[in-house]
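Student: File follows, run-v6.txt with compact mmCIF, N, CA and C atoms:
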```
# COMPACT_ATOMS: atom_id res chain seq x y z
N MET A 23 -68.14 -117.49 140.72
CA MET A 23 -69.29 -117.96 141.46
C MET A 23 -70.23 -116.83 141.87
N PRO A 24 -69.74 -115.65 142.24
CA PRO A 24 -70.67 -114.57 142.58
C PRO A 24 -71.56 -114.18 141.42
N ALA A 25 -71.10 -114.30 140.19
CA ALA A 25 -71.95 -113.95 139.05
C ALA A 25 -73.16 -114.87 138.99
N ASN A 26 -72.96 -116.15 139.29
CA ASN A 26 -74.08 -117.08 139.30
C ASN A 26 -75.08 -116.75 140.41
N GLU A 27 -74.58 -116.34 141.58
CA GLU A 27 -75.48 -115.98 142.66
C GLU A 27 -76.36 -114.80 142.28
N ASP A 28 -75.76 -113.78 141.63
CA ASP A 28 -76.55 -112.60 141.21
C ASP A 28 -77.61 -112.99 140.19
N SER A 29 -77.25 -113.83 139.27
CA SER A 29 -78.22 -114.23 138.25
C SER A 29 -79.33 -115.07 138.86
N VAL A 30 -79.02 -115.87 139.88
CA VAL A 30 -80.04 -116.67 140.54
C VAL A 30 -80.99 -115.76 141.29
N VAL A 31 -80.46 -114.73 141.93
CA VAL A 31 -81.30 -113.79 142.68
C VAL A 31 -82.17 -113.00 141.72
N ALA A 32 -81.65 -112.62 140.56
CA ALA A 32 -82.40 -111.81 139.62
C ALA A 32 -83.51 -112.60 138.94
N ARG A 33 -83.34 -113.87 138.73
CA ARG A 33 -84.36 -114.65 138.03
C ARG A 33 -85.70 -114.69 138.75
N PRO A 34 -85.73 -114.99 140.05
CA PRO A 34 -87.05 -115.00 140.69
C PRO A 34 -87.74 -113.65 140.61
N HIS A 35 -86.99 -112.56 140.70
CA HIS A 35 -87.59 -111.23 140.60
C HIS A 35 -88.25 -111.03 139.23
N ARG A 36 -87.56 -111.41 138.19
CA ARG A 36 -88.13 -111.31 136.86
C ARG A 36 -89.32 -112.26 136.72
N SER A 37 -89.20 -113.41 137.31
CA SER A 37 -90.27 -114.39 137.22
C SER A 37 -91.53 -113.86 137.90
N ARG A 38 -91.40 -113.23 139.07
CA ARG A 38 -92.56 -112.67 139.75
C ARG A 38 -93.20 -111.57 138.91
N ARG A 39 -92.36 -110.73 138.33
CA ARG A 39 -92.87 -109.65 137.49
C ARG A 39 -93.61 -110.22 136.29
N GLY A 40 -93.05 -111.28 135.72
CA GLY A 40 -93.70 -111.93 134.58
C GLY A 40 -95.03 -112.55 134.97
N ARG A 41 -95.06 -113.18 136.16
CA ARG A 41 -96.31 -113.77 136.63
C ARG A 41 -97.36 -112.69 136.91
N LEU A 42 -96.92 -111.58 137.51
CA LEU A 42 -97.84 -110.49 137.79
C LEU A 42 -98.41 -109.92 136.49
N THR A 43 -97.58 -109.75 135.50
CA THR A 43 -98.06 -109.26 134.20
C THR A 43 -99.04 -110.24 133.60
N GLY A 44 -98.74 -111.53 133.70
CA GLY A 44 -99.65 -112.55 133.18
C GLY A 44 -100.99 -112.54 133.88
N VAL A 45 -100.98 -112.36 135.20
CA VAL A 45 -102.22 -112.30 135.96
C VAL A 45 -103.03 -111.07 135.57
N LEU A 46 -102.38 -109.93 135.44
CA LEU A 46 -103.08 -108.71 135.04
C LEU A 46 -103.69 -108.84 133.64
N VAL A 47 -102.96 -109.44 132.74
CA VAL A 47 -103.48 -109.66 131.39
C VAL A 47 -104.67 -110.61 131.44
N ALA A 48 -104.60 -111.63 132.27
CA ALA A 48 -105.71 -112.58 132.39
C ALA A 48 -106.95 -111.89 132.96
N PHE A 49 -106.79 -111.04 133.98
CA PHE A 49 -107.93 -110.31 134.53
C PHE A 49 -108.53 -109.36 133.51
N ALA A 50 -107.69 -108.67 132.77
CA ALA A 50 -108.19 -107.74 131.75
C ALA A 50 -108.96 -108.50 130.68
N ALA A 51 -108.45 -109.63 130.26
CA ALA A 51 -109.12 -110.43 129.24
C ALA A 51 -110.45 -110.96 129.77
N ALA A 52 -110.47 -111.42 131.02
CA ALA A 52 -111.70 -111.93 131.61
C ALA A 52 -112.74 -110.82 131.72
N GLY A 53 -112.30 -109.62 132.11
CA GLY A 53 -113.23 -108.48 132.21
C GLY A 53 -113.79 -108.11 130.86
N ALA A 54 -112.97 -108.09 129.85
CA ALA A 54 -113.44 -107.76 128.50
C ALA A 54 -114.41 -108.81 128.00
N LEU A 55 -114.12 -110.07 128.27
CA LEU A 55 -115.00 -111.15 127.85
C LEU A 55 -116.33 -111.07 128.58
N ALA A 56 -116.30 -110.81 129.89
CA ALA A 56 -117.54 -110.70 130.66
C ALA A 56 -118.38 -109.53 130.16
N GLY A 57 -117.74 -108.41 129.85
CA GLY A 57 -118.47 -107.26 129.32
C GLY A 57 -119.09 -107.54 127.97
N ALA A 58 -118.38 -108.26 127.14
CA ALA A 58 -118.91 -108.59 125.82
C ALA A 58 -120.07 -109.56 125.93
N MET A 59 -119.99 -110.49 126.88
CA MET A 59 -121.07 -111.46 127.03
C MET A 59 -122.30 -110.82 127.66
N ALA A 60 -122.11 -109.83 128.55
CA ALA A 60 -123.23 -109.20 129.24
C ALA A 60 -124.00 -108.26 128.33
N GLU A 61 -123.35 -107.73 127.33
CA GLU A 61 -124.00 -106.78 126.43
C GLU A 61 -124.88 -107.52 125.43
N PRO A 62 -126.14 -107.15 125.34
CA PRO A 62 -127.02 -107.85 124.39
C PRO A 62 -126.61 -107.58 122.95
N ALA A 63 -127.01 -108.48 122.09
CA ALA A 63 -126.66 -108.35 120.67
C ALA A 63 -127.27 -107.10 120.07
N SER A 64 -128.39 -106.63 120.62
CA SER A 64 -129.07 -105.46 120.06
C SER A 64 -128.68 -104.17 120.78
N ALA A 65 -127.48 -104.12 121.37
CA ALA A 65 -127.08 -102.96 122.15
C ALA A 65 -127.06 -101.68 121.32
N GLY A 66 -126.87 -101.78 120.04
CA GLY A 66 -126.82 -100.59 119.22
C GLY A 66 -128.19 -100.06 118.85
N SER A 67 -129.23 -100.81 119.11
CA SER A 67 -130.57 -100.37 118.73
C SER A 67 -131.09 -99.32 119.69
N ALA A 68 -131.99 -98.49 119.25
CA ALA A 68 -132.55 -97.41 120.05
C ALA A 68 -133.30 -97.92 121.27
N PRO A 69 -134.14 -98.96 121.17
CA PRO A 69 -134.84 -99.43 122.37
C PRO A 69 -133.89 -99.92 123.45
N ALA A 70 -132.84 -100.62 123.07
CA ALA A 70 -131.88 -101.12 124.05
C ALA A 70 -131.14 -99.96 124.70
N ALA A 71 -130.76 -98.96 123.94
CA ALA A 71 -130.09 -97.79 124.50
C ALA A 71 -131.01 -97.04 125.43
N SER A 72 -132.28 -96.93 125.08
CA SER A 72 -133.26 -96.26 125.93
C SER A 72 -133.44 -97.03 127.24
N GLN A 73 -133.52 -98.34 127.15
CA GLN A 73 -133.67 -99.18 128.33
C GLN A 73 -132.46 -99.02 129.24
N SER A 74 -131.26 -99.00 128.67
CA SER A 74 -130.05 -98.85 129.45
C SER A 74 -130.03 -97.50 130.16
N ALA A 75 -130.42 -96.44 129.48
CA ALA A 75 -130.45 -95.11 130.09
C ALA A 75 -131.46 -95.08 131.23
N LYS A 76 -132.60 -95.73 131.05
CA LYS A 76 -133.62 -95.75 132.09
C LYS A 76 -133.10 -96.48 133.32
N LEU A 77 -132.43 -97.60 133.14
CA LEU A 77 -131.92 -98.36 134.27
C LEU A 77 -130.87 -97.58 135.05
N GLN A 78 -130.13 -96.72 134.39
CA GLN A 78 -129.13 -95.93 135.08
C GLN A 78 -129.77 -94.90 136.00
N ASN A 79 -131.00 -94.50 135.75
CA ASN A 79 -131.67 -93.49 136.55
C ASN A 79 -132.54 -94.08 137.65
N CYS A 80 -132.55 -95.39 137.83
CA CYS A 80 -133.38 -96.01 138.85
C CYS A 80 -132.98 -95.52 140.23
N GLY A 81 -133.98 -95.32 141.08
CA GLY A 81 -133.71 -94.90 142.45
C GLY A 81 -133.68 -93.39 142.59
N TRP A 82 -132.92 -92.93 143.56
CA TRP A 82 -132.82 -91.51 143.91
C TRP A 82 -132.10 -90.72 142.83
N ASN A 83 -132.65 -89.57 142.46
CA ASN A 83 -132.02 -88.66 141.51
C ASN A 83 -132.07 -87.26 142.10
N GLU A 84 -130.91 -86.63 142.24
CA GLU A 84 -130.84 -85.30 142.84
C GLU A 84 -131.49 -84.25 141.96
N ALA A 85 -131.88 -83.16 142.60
CA ALA A 85 -132.47 -82.03 141.87
C ALA A 85 -131.41 -81.44 140.94
N ALA A 86 -131.84 -81.06 139.75
CA ALA A 86 -130.93 -80.46 138.78
C ALA A 86 -131.71 -79.52 137.87
N ASN A 87 -131.07 -78.47 137.41
CA ASN A 87 -131.66 -77.53 136.47
C ASN A 87 -133.00 -76.97 136.96
N GLY A 88 -133.09 -76.65 138.24
CA GLY A 88 -134.29 -76.06 138.78
C GLY A 88 -135.45 -77.03 139.01
N GLU A 89 -135.24 -78.31 138.77
CA GLU A 89 -136.29 -79.30 138.99
C GLU A 89 -136.18 -79.87 140.39
N HIS A 90 -137.26 -80.51 140.85
CA HIS A 90 -137.24 -81.20 142.13
C HIS A 90 -136.46 -82.50 141.99
N ALA A 91 -135.96 -82.97 143.13
CA ALA A 91 -135.38 -84.31 143.14
C ALA A 91 -136.51 -85.30 142.87
N TYR A 92 -136.17 -86.47 142.38
CA TYR A 92 -137.20 -87.46 142.11
C TYR A 92 -136.69 -88.87 142.37
N TYR A 93 -137.63 -89.80 142.46
CA TYR A 93 -137.31 -91.21 142.62
C TYR A 93 -137.84 -91.92 141.39
N GLU A 94 -136.99 -92.69 140.73
CA GLU A 94 -137.38 -93.44 139.53
C GLU A 94 -137.52 -94.91 139.91
N HIS A 95 -138.77 -95.40 139.87
CA HIS A 95 -139.04 -96.81 140.17
C HIS A 95 -139.09 -97.55 138.84
N CYS A 96 -138.10 -98.39 138.59
CA CYS A 96 -137.94 -98.99 137.27
C CYS A 96 -138.73 -100.28 137.04
N ALA A 97 -139.24 -100.89 138.09
CA ALA A 97 -140.08 -102.07 137.88
C ALA A 97 -141.37 -101.64 137.21
N THR A 98 -141.99 -102.53 136.47
CA THR A 98 -143.21 -102.15 135.74
C THR A 98 -144.47 -102.74 136.34
N ASP A 99 -144.33 -103.60 137.34
CA ASP A 99 -145.51 -104.31 137.83
C ASP A 99 -145.70 -104.25 139.34
N THR A 100 -145.00 -103.34 140.04
CA THR A 100 -145.15 -103.26 141.48
C THR A 100 -145.18 -101.81 141.95
N ASN A 101 -145.80 -101.61 143.10
CA ASN A 101 -145.73 -100.34 143.82
C ASN A 101 -144.94 -100.63 145.08
N VAL A 102 -144.03 -99.75 145.44
CA VAL A 102 -143.16 -100.01 146.58
C VAL A 102 -143.11 -98.82 147.53
N TRP A 103 -142.74 -99.11 148.78
CA TRP A 103 -142.52 -98.06 149.77
C TRP A 103 -141.09 -97.58 149.67
N ILE A 104 -140.92 -96.27 149.63
CA ILE A 104 -139.58 -95.68 149.70
C ILE A 104 -139.52 -94.83 150.96
N GLN A 105 -138.35 -94.68 151.49
CA GLN A 105 -138.14 -93.78 152.62
C GLN A 105 -137.52 -92.52 152.07
N VAL A 106 -138.09 -91.38 152.42
CA VAL A 106 -137.62 -90.09 151.93
C VAL A 106 -137.06 -89.31 153.11
N THR A 107 -135.88 -88.74 152.94
CA THR A 107 -135.31 -87.85 153.95
C THR A 107 -135.38 -86.43 153.43
N ARG A 108 -135.59 -85.49 154.35
CA ARG A 108 -135.69 -84.08 153.97
C ARG A 108 -134.80 -83.24 154.88
N TRP A 109 -134.31 -82.14 154.34
CA TRP A 109 -133.48 -81.23 155.10
C TRP A 109 -134.36 -80.44 156.05
N ALA A 110 -133.97 -80.38 157.29
CA ALA A 110 -134.63 -79.59 158.34
C ALA A 110 -136.05 -80.06 158.66
N ARG A 111 -136.49 -81.14 158.10
CA ARG A 111 -137.79 -81.72 158.44
C ARG A 111 -137.59 -83.22 158.57
N GLY A 112 -138.55 -83.87 159.17
CA GLY A 112 -138.44 -85.32 159.35
C GLY A 112 -138.63 -86.07 158.04
N GLY A 113 -138.17 -87.29 158.04
CA GLY A 113 -138.36 -88.16 156.88
C GLY A 113 -139.73 -88.83 156.94
N TYR A 114 -140.08 -89.52 155.89
CA TYR A 114 -141.36 -90.22 155.82
C TYR A 114 -141.28 -91.32 154.78
N HIS A 115 -142.28 -92.16 154.75
CA HIS A 115 -142.40 -93.21 153.74
C HIS A 115 -143.46 -92.80 152.73
N ARG A 116 -143.22 -93.17 151.49
CA ARG A 116 -144.16 -92.84 150.41
C ARG A 116 -144.29 -94.04 149.49
N CYS A 117 -145.51 -94.31 149.08
CA CYS A 117 -145.77 -95.37 148.12
C CYS A 117 -145.57 -94.81 146.71
N VAL A 118 -144.74 -95.47 145.93
CA VAL A 118 -144.49 -95.02 144.56
C VAL A 118 -144.78 -96.16 143.58
N GLY A 119 -145.32 -95.79 142.44
CA GLY A 119 -145.56 -96.75 141.37
C GLY A 119 -144.44 -96.70 140.36
N PRO A 120 -144.56 -97.48 139.30
CA PRO A 120 -143.54 -97.47 138.26
C PRO A 120 -143.37 -96.08 137.66
N GLY A 121 -142.15 -95.74 137.33
CA GLY A 121 -141.86 -94.46 136.69
C GLY A 121 -141.31 -93.44 137.66
N ARG A 122 -141.44 -92.18 137.27
CA ARG A 122 -140.84 -91.07 138.00
C ARG A 122 -141.82 -90.48 139.01
N THR A 123 -141.35 -90.26 140.23
CA THR A 123 -142.14 -89.61 141.27
C THR A 123 -141.35 -88.41 141.77
N ASN A 124 -141.88 -87.21 141.56
CA ASN A 124 -141.23 -86.01 142.06
C ASN A 124 -141.37 -85.96 143.57
N LEU A 125 -140.30 -85.51 144.25
CA LEU A 125 -140.27 -85.45 145.70
C LEU A 125 -140.29 -84.00 146.17
N ASP A 126 -140.31 -83.80 147.47
CA ASP A 126 -140.34 -82.47 148.08
C ASP A 126 -139.15 -81.63 147.63
N TYR A 127 -139.31 -80.32 147.71
CA TYR A 127 -138.24 -79.40 147.30
C TYR A 127 -137.00 -79.57 148.18
N ASP A 128 -137.18 -80.03 149.42
CA ASP A 128 -136.06 -80.17 150.34
C ASP A 128 -135.63 -81.62 150.56
N ALA A 129 -136.03 -82.51 149.66
CA ALA A 129 -135.65 -83.93 149.77
C ALA A 129 -134.14 -84.07 149.61
N THR A 130 -133.53 -84.84 150.49
CA THR A 130 -132.08 -85.05 150.44
C THR A 130 -131.70 -86.50 150.15
N GLY A 131 -132.70 -87.36 150.04
CA GLY A 131 -132.42 -88.75 149.73
C GLY A 131 -133.69 -89.57 149.72
N ALA A 132 -133.67 -90.69 149.03
CA ALA A 132 -134.81 -91.60 148.99
C ALA A 132 -134.30 -92.97 148.57
N TRP A 133 -134.86 -94.01 149.18
CA TRP A 133 -134.46 -95.37 148.83
C TRP A 133 -135.60 -96.33 149.13
N TYR A 134 -135.59 -97.44 148.43
CA TYR A 134 -136.58 -98.50 148.63
C TYR A 134 -136.40 -99.07 150.02
N ASP A 135 -137.51 -99.24 150.75
CA ASP A 135 -137.45 -99.75 152.12
C ASP A 135 -138.23 -101.07 152.20
N SER A 136 -137.53 -102.16 152.03
CA SER A 136 -138.17 -103.48 152.04
C SER A 136 -138.67 -103.88 153.43
N ASN A 137 -138.18 -103.22 154.46
CA ASN A 137 -138.59 -103.55 155.82
C ASN A 137 -139.87 -102.84 156.24
N PHE A 138 -140.30 -101.83 155.52
CA PHE A 138 -141.49 -101.08 155.89
C PHE A 138 -142.72 -101.74 155.27
N ARG A 139 -143.56 -102.31 156.11
CA ARG A 139 -144.80 -102.96 155.67
C ARG A 139 -144.58 -103.97 154.55
N GLY A 140 -143.47 -104.64 154.57
CA GLY A 140 -143.18 -105.67 153.58
C GLY A 140 -142.63 -105.13 152.27
N GLY A 141 -142.46 -103.83 152.16
CA GLY A 141 -141.86 -103.21 150.97
C GLY A 141 -142.83 -102.89 149.86
N LEU A 142 -143.96 -103.59 149.78
CA LEU A 142 -144.92 -103.36 148.70
C LEU A 142 -146.11 -102.56 149.22
N CYS A 143 -146.74 -101.79 148.35
CA CYS A 143 -147.91 -100.99 148.73
C CYS A 143 -148.94 -101.02 147.61
N SER A 144 -150.12 -100.50 147.89
CA SER A 144 -151.22 -100.58 146.91
C SER A 144 -151.54 -99.28 146.20
N HIS A 145 -151.36 -98.14 146.87
CA HIS A 145 -151.83 -96.88 146.32
C HIS A 145 -150.70 -95.85 146.23
N PRO A 146 -150.13 -95.66 145.04
CA PRO A 146 -149.07 -94.66 144.89
C PRO A 146 -149.56 -93.29 145.37
N GLY A 147 -148.69 -92.61 146.08
CA GLY A 147 -149.03 -91.32 146.64
C GLY A 147 -149.31 -91.39 148.14
N ASP A 148 -149.68 -92.58 148.64
CA ASP A 148 -149.89 -92.72 150.08
C ASP A 148 -148.59 -92.43 150.81
N THR A 149 -148.71 -91.84 152.00
CA THR A 149 -147.56 -91.58 152.83
C THR A 149 -147.79 -92.14 154.23
N ALA A 150 -146.72 -92.37 154.92
CA ALA A 150 -146.81 -92.87 156.30
C ALA A 150 -145.64 -92.36 157.10
```
Here is a file; write its structure as structure tokens.
Tutor:
Amino acid sequence: MPANEDSVVARPHRSRRGRLTGVLVAFAAAGALAGAMAEPASAGSAPAASQSAKLQNCGWNEAANGEHAYYEHCATDTNVWIQVTRWARGGYHRCVGPGRTNLDYDATGAWYDSNFRGGLCSHPGDTA
């Protein structure tokens, strides 16, 4: 009878391990499927690769290779207010248009500020 008790105790443990493995496999499969569905059919083409690289650089970009830090505004049809922080000086708001905007040499961060004047602006380069 003790042999049966041990085997009964061991079965649920194996069963849990089996269920956990099944759940992990299901999550991995779902992730792979979601990634395949999200990727456009033309992902191998140069324009799609260029677009993907541009989207990765949206927003704040730290200074590198002797260049100034910059903010990349990826929308093509709006000008927006960003808040810029600087080391040892106060921060400020700046209106930026689509594309790359170089920031101050001591800029330590920048982000879109939807709460400042409604988030949209008219004249890139304006500051407040």
Student: Would you pick out the contacts of stretch 81-93 of chain A at 5 Å or less, using all atoms listed in the file, so that residues sharing its chain but fewer than 5 positions from it are not included, and give the list as a PyMOL selection string?
Tutor: chain A and resi 122-125
Student: Write out the residues from the selection above, keeping N, CA and C atoms, as a tab-separated table (two decimals), in the coordinates of the input.
Tutor:
```
chain	number	residue	atom	x	y	z
A	122	ARG	N	-141.44	-92.18	137.27
A	122	ARG	CA	-140.84	-91.07	138.00
A	122	ARG	C	-141.82	-90.48	139.01
A	123	THR	N	-141.35	-90.26	140.23
A	123	THR	CA	-142.14	-89.61	141.27
A	123	THR	C	-141.35	-88.41	141.77
A	124	ASN	N	-141.88	-87.21	141.56
A	124	ASN	CA	-141.23	-86.01	142.06
A	124	ASN	C	-141.37	-85.96	143.57
A	125	LEU	N	-140.30	-85.51	144.25
A	125	LEU	CA	-140.27	-85.45	145.70
A	125	LEU	C	-140.29	-84.00	146.17
```
Student: Mind listing whatever residues come within 6.5 Å of the point (-135.4, -98.8, 139.9)? Use only N, CA and C atoms, file coordinates, and give them as a PyMOL selection string.
Tutor: chain A and resi 79-81+94-97
Student: Which residues come within 7 Å of A:Asp128, counting all atoms listed in the file, excluding same-chain residues fewer than 3 positions away, as a PyMOL selection string?
Tutor: chain A and resi 107-109+125+131
Student: What does the structure give for the distance between atom N of A:Thr130 and atom N of A:Gln105, in Å to one decimal?
Tutor: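 Separation between atom N of A:Thr130 and atom N of A:Gln105: 11.0 Å.
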Student: Just give me the gap between atom N of A:Gly121 and atom C of A:Gln78 in Å, one decimal is fine.
Tutor: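 About the pair atom N of A:Gly121 and atom C of A:Gln78: they are 12.5 Å apart.
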Student: Interatomic distance between atom C of A:Gly112 and atom N of A:Thr100?
Tutor: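 Separation of atom C of A:Gly112 and atom N of A:Thr100: 25.7 Å.
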Student: Considering all atoms listed in the file, can you say which of A:Trp103, A:Gly119, A:Arg111, A:Gly147 comes closest to A:Asp135?
Tutor: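 The closest residue to A:Asp135 is A:Trp103.
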Student: Choose the residue, out of A:Ala110, A:Val118, A:Ile104, A:Thr98, that has the smallest atom-to-atom separation from A:His145; count only N, CA and C atoms.
Tutor: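 The answer is A:Val118, which sits nearest to A:His145.
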Student: Between A:Asn101, A:Pro120, A:Tyr114, A:Tyr127, which is the closest to A:Ser144 once you count only N, CA and C atoms?
Tutor: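 Of A:Asn101, A:Pro120, A:Tyr114, A:Tyr127, the one nearest A:Ser144, counting only N, CA and C atoms, is A:Asn101.
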Student: Please give the centre and size of the box around stretch 92-98 of chain A (axis-aligned, containing every atom listed in the file, 6 Å added per side), with values in Å to one decimal and written as lines of an AutoDock Vina configuration file.
Tutor:
```
center_x = -140.3
center_y = -94.6
center_z = 139.2
size_x = 20.3
size_y = 28.3
size_z = 18.9
```
